[in-house]
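Novice: Sharing a structure below in structure tokens format, with a few things to ask.
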Amino acid sequence: MLKDRLQQVLDRAHGQHEYRYDRDQYGQREYWTASLIGDCEDFALWCRDALAQQGVAADLVLCGVDNPAGDHLVVHVDGLILDNRHRWVMRQDDLPYAWIKIGKPDGTWYMIED
């Protein structure tokens, strides 16, 4: 079942993730790399890569959140979300995020329209 596969990846990611701000780690405001040492972008990229290795196509989604530090990045697969803020795979509709842009595996980004 897809949700179980997603949860396995999310469990692995949470089990190894060490949150660090890009400014502290790289001396830059933003730096994206698929790593489990980093912020939400690094976490999301790592999860997307882990899913791709299993043949599961996943998108990145930039979302607005109630966070003074800025926006947030999650992984989206068929309405399900992998998020460094949640231990469980969540349904997109159950999260209080404003969905802004979707990033396809080929690097193309699209605005999400309501």
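Chain identifiers are assigned as A, B, and so on, following the order in which chains appear in the structure tokens; residues are numbered from 1 within each chain, and ligands are numbered from 1 in order of appearance.
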Tell me, which residues of chain A carry DSSP alpha helix (DSSP H), written as number ranges by chain?
Specialist: A: 2-16, 22-26, 40-53
Novice: Applying 6 Å and only C-alpha atoms, which residues near range 91-104 of chain A remain after dropping the ones on its own chain fewer than 2 positions away? List them as JSON, numbers by chain.
Specialist: {"A": [59, 60, 61, 62, 63, 64, 65, 79, 80, 81, 106, 107, 108, 109, 110, 111, 112]}
Novice: Using all heavy atoms, can you write the selected residues to a file as a short mmCIF file (atom, residue, chain, number, x, y, z; two decimals), in the first residue's frame?
Specialist:
```cif
data_model
loop_
_atom_site.label_atom_id
_atom_site.label_comp_id
_atom_site.auth_asym_id
_atom_site.auth_seq_id
_atom_site.Cartn_x
_atom_site.Cartn_y
_atom_site.Cartn_z
N ASP A 59 6.34 15.05 -5.63
CA ASP A 59 6.55 16.47 -5.89
C ASP A 59 6.95 17.17 -4.60
O ASP A 59 6.61 16.72 -3.50
CB ASP A 59 5.27 17.12 -6.42
CG ASP A 59 4.82 16.55 -7.74
OD1 ASP A 59 5.69 16.26 -8.59
OD2 ASP A 59 3.60 16.39 -7.93
N LEU A 60 7.64 18.28 -4.74
CA LEU A 60 7.88 19.18 -3.62
C LEU A 60 6.77 20.22 -3.63
O LEU A 60 6.30 20.61 -4.70
CB LEU A 60 9.23 19.88 -3.77
CG LEU A 60 10.46 18.97 -3.82
CD1 LEU A 60 11.70 19.79 -4.12
CD2 LEU A 60 10.62 18.20 -2.52
N VAL A 61 6.35 20.66 -2.46
CA VAL A 61 5.34 21.71 -2.40
C VAL A 61 5.81 22.78 -1.42
O VAL A 61 6.10 22.49 -0.26
CB VAL A 61 3.96 21.18 -1.98
CG1 VAL A 61 2.96 22.31 -1.90
CG2 VAL A 61 3.46 20.12 -2.94
N LEU A 62 5.90 23.99 -1.93
CA LEU A 62 6.21 25.15 -1.10
C LEU A 62 4.90 25.65 -0.52
O LEU A 62 3.94 25.85 -1.26
CB LEU A 62 6.88 26.24 -1.93
CG LEU A 62 7.26 27.51 -1.18
CD1 LEU A 62 8.39 27.21 -0.20
CD2 LEU A 62 7.67 28.60 -2.15
N CYS A 63 4.87 25.80 0.78
CA CYS A 63 3.63 26.23 1.41
C CYS A 63 3.89 27.34 2.42
O CYS A 63 4.96 27.43 3.00
CB CYS A 63 2.90 25.06 2.06
SG CYS A 63 3.91 23.89 2.95
N GLY A 64 2.89 28.16 2.57
CA GLY A 64 2.93 29.20 3.57
C GLY A 64 2.44 28.64 4.88
O GLY A 64 1.47 27.88 4.93
N VAL A 65 3.15 28.99 5.93
CA VAL A 65 2.80 28.51 7.27
C VAL A 65 2.87 29.67 8.24
O VAL A 65 3.42 30.73 7.93
CB VAL A 65 3.76 27.39 7.73
CG1 VAL A 65 3.59 26.15 6.87
CG2 VAL A 65 5.20 27.83 7.72
N GLY A 79 -1.98 13.40 -2.93
CA GLY A 79 -2.77 13.98 -1.84
C GLY A 79 -2.24 13.70 -0.45
O GLY A 79 -2.83 14.12 0.54
N LEU A 80 -1.11 12.98 -0.37
CA LEU A 80 -0.50 12.66 0.92
C LEU A 80 0.78 13.46 1.09
O LEU A 80 1.51 13.68 0.12
CB LEU A 80 -0.21 11.16 1.02
CG LEU A 80 -1.45 10.26 0.93
CD1 LEU A 80 -1.04 8.80 0.82
CD2 LEU A 80 -2.36 10.48 2.13
N ILE A 81 1.06 13.88 2.31
CA ILE A 81 2.18 14.78 2.59
C ILE A 81 3.16 14.14 3.56
O ILE A 81 2.77 13.60 4.60
CB ILE A 81 1.67 16.10 3.20
CG1 ILE A 81 0.68 16.80 2.25
CG2 ILE A 81 2.82 17.02 3.59
CD1 ILE A 81 1.28 17.27 0.94
N ASP A 106 11.49 17.13 -12.40
CA ASP A 106 12.38 17.64 -13.45
C ASP A 106 12.90 19.05 -13.14
O ASP A 106 13.64 19.64 -13.92
CB ASP A 106 11.69 17.62 -14.81
CG ASP A 106 10.54 18.62 -14.94
OD1 ASP A 106 10.25 19.37 -13.98
OD2 ASP A 106 9.91 18.64 -16.01
N GLY A 107 12.50 19.61 -11.98
CA GLY A 107 12.97 20.93 -11.59
C GLY A 107 12.04 22.06 -11.96
O GLY A 107 12.29 23.21 -11.61
N THR A 108 10.94 21.77 -12.63
CA THR A 108 9.98 22.79 -13.02
C THR A 108 9.05 23.10 -11.84
O THR A 108 8.60 22.19 -11.16
CB THR A 108 9.11 22.30 -14.20
OG1 THR A 108 9.98 21.89 -15.26
CG2 THR A 108 8.18 23.38 -14.70
N TRP A 109 8.81 24.39 -11.63
CA TRP A 109 7.92 24.83 -10.56
C TRP A 109 6.69 25.49 -11.15
O TRP A 109 6.78 26.23 -12.14
CB TRP A 109 8.62 25.83 -9.65
CG TRP A 109 9.60 25.17 -8.74
CD1 TRP A 109 10.90 24.85 -9.03
CD2 TRP A 109 9.37 24.71 -7.41
NE1 TRP A 109 11.49 24.22 -7.97
CE2 TRP A 109 10.58 24.12 -6.96
CE3 TRP A 109 8.28 24.73 -6.56
CZ2 TRP A 109 10.70 23.58 -5.67
CZ3 TRP A 109 8.41 24.20 -5.29
CH2 TRP A 109 9.61 23.63 -4.86
N TYR A 110 5.53 25.25 -10.55
CA TYR A 110 4.25 25.82 -10.98
C TYR A 110 3.54 26.44 -9.79
O TYR A 110 3.54 25.87 -8.70
CB TYR A 110 3.34 24.74 -11.57
CG TYR A 110 3.92 24.02 -12.74
CD1 TYR A 110 4.59 22.82 -12.60
CD2 TYR A 110 3.77 24.54 -14.02
CE1 TYR A 110 5.13 22.15 -13.69
CE2 TYR A 110 4.30 23.88 -15.13
CZ TYR A 110 4.98 22.69 -14.95
OH TYR A 110 5.51 22.04 -16.03
N MET A 111 2.92 27.57 -10.03
CA MET A 111 2.07 28.18 -9.01
C MET A 111 0.83 27.31 -8.82
O MET A 111 0.30 26.78 -9.79
CB MET A 111 1.65 29.62 -9.40
CG MET A 111 2.81 30.59 -9.47
SD MET A 111 3.70 30.83 -7.91
CE MET A 111 2.45 31.62 -6.92
N ILE A 112 0.39 27.19 -7.60
CA ILE A 112 -0.85 26.47 -7.30
C ILE A 112 -1.97 27.49 -7.21
O ILE A 112 -1.88 28.45 -6.47
CB ILE A 112 -0.73 25.69 -5.98
CG1 ILE A 112 0.38 24.63 -6.09
CG2 ILE A 112 -2.06 25.06 -5.60
CD1 ILE A 112 0.69 23.93 -4.80
#
```
Novice: Check the DSSP output for the backbone and give back, as a PyMOL selection string, the residues of chain A in strand (DSSP E or B).
Specialist: chain A and resi 18-19+37-38+59-64+72-77+80-82+90-91+98-103+109-111
Novice: Please, what distance in Å, to one decimal, runs between CA of Gly70 in chain A and CA of Leu51 in chain A?
Specialist: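 Separating CA of Gly70 in chain A from CA of Leu51 in chain A is a distance of 26.0 Å.
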Novice: Give me, as a PyMOL selection string, all polymer residues having an atom no more than 8 Å from Leu6 in chain A, counting only C-alpha atoms and skipping those fewer than 2 positions away in the same chain.
Specialist: chain A and resi 2-4+8-10+51+82+89
Novice: What does the file look like for those residues with all heavy atoms, as a CSV table (one decimal), in the first residue's frame?
Specialist:
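result_13.csv, written as the output of this step:
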```csv
chain,number,residue,atom,x,y,z
A,2,LEU,N,0.5,2.2,-0.8
A,2,LEU,CA,1.3,3.4,-1.0
A,2,LEU,C,1.6,4.2,0.4
A,2,LEU,O,2.7,4.6,0.7
A,2,LEU,CB,0.7,4.4,-2.0
A,2,LEU,CG,1.4,5.7,-2.2
A,2,LEU,CD1,2.8,5.5,-2.7
A,2,LEU,CD2,0.6,6.6,-3.1
A,3,LYS,N,0.5,4.4,1.1
A,3,LYS,CA,0.7,5.1,2.4
A,3,LYS,C,1.7,4.4,3.3
A,3,LYS,O,2.5,5.1,4.0
A,3,LYS,CB,-0.7,5.3,3.1
A,3,LYS,CG,-0.6,6.2,4.3
A,3,LYS,CD,-2.0,6.5,4.8
A,3,LYS,CE,-1.9,7.5,6.0
A,3,LYS,NZ,-3.2,7.8,6.5
A,4,ASP,N,1.7,3.1,3.3
A,4,ASP,CA,2.7,2.4,4.2
A,4,ASP,C,4.1,2.6,3.7
A,4,ASP,O,5.0,2.8,4.5
A,4,ASP,CB,2.4,0.9,4.2
A,4,ASP,CG,1.1,0.5,4.9
A,4,ASP,OD1,0.7,1.3,5.7
A,4,ASP,OD2,0.5,-0.5,4.5
A,8,GLN,N,7.1,4.5,5.8
A,8,GLN,CA,8.4,3.9,6.0
A,8,GLN,C,9.5,4.9,5.7
A,8,GLN,O,10.5,5.0,6.5
A,8,GLN,CB,8.6,2.6,5.2
A,8,GLN,CG,7.8,1.5,5.7
A,8,GLN,CD,7.8,0.3,4.8
A,8,GLN,OE1,8.4,0.3,3.7
A,8,GLN,NE2,7.3,-0.9,5.2
A,9,VAL,N,9.4,5.6,4.6
A,9,VAL,CA,10.4,6.6,4.3
A,9,VAL,C,10.4,7.7,5.3
A,9,VAL,O,11.4,8.2,5.8
A,9,VAL,CB,10.1,7.2,2.8
A,9,VAL,CG1,11.0,8.4,2.6
A,9,VAL,CG2,10.4,6.1,1.8
A,10,LEU,N,9.2,8.2,5.7
A,10,LEU,CA,9.1,9.3,6.7
A,10,LEU,C,9.7,8.8,8.0
A,10,LEU,O,10.4,9.6,8.7
A,10,LEU,CB,7.6,9.7,6.8
A,10,LEU,CG,7.4,10.9,7.7
A,10,LEU,CD1,8.1,12.1,7.2
A,10,LEU,CD2,5.9,11.1,7.8
A,51,LEU,N,12.1,8.2,-2.1
A,51,LEU,CA,10.9,7.6,-2.8
A,51,LEU,C,11.2,7.3,-4.2
A,51,LEU,O,10.8,6.3,-4.7
A,51,LEU,CB,9.7,8.6,-2.7
A,51,LEU,CG,9.1,8.8,-1.3
A,51,LEU,CD1,8.2,9.9,-1.2
A,51,LEU,CD2,8.4,7.5,-0.9
A,82,LEU,N,4.4,14.2,3.2
A,82,LEU,CA,5.5,13.9,4.1
A,82,LEU,C,6.1,15.2,4.6
A,82,LEU,O,6.5,16.1,3.7
A,82,LEU,CB,6.6,13.1,3.4
A,82,LEU,CG,6.3,11.6,3.2
A,82,LEU,CD1,5.3,11.5,2.0
A,82,LEU,CD2,7.5,10.8,2.9
A,89,VAL,N,2.4,10.4,8.0
A,89,VAL,CA,2.0,10.8,6.7
A,89,VAL,C,0.6,11.5,6.9
A,89,VAL,O,-0.3,10.9,7.5
A,89,VAL,CB,1.9,9.7,5.6
A,89,VAL,CG1,1.3,10.1,4.3
A,89,VAL,CG2,3.3,9.1,5.4
```
Novice: Could you check the closest approach to Asp78 in chain A for each of A:Arg23, A:Leu45, A:Ala34, A:Met90 and tell me which residue wins, using only C-alpha atoms?
Specialist: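 Of A:Arg23, A:Leu45, A:Ala34, A:Met90, the one nearest Asp78 in chain A is A:Met90, counting only C-alpha atoms.
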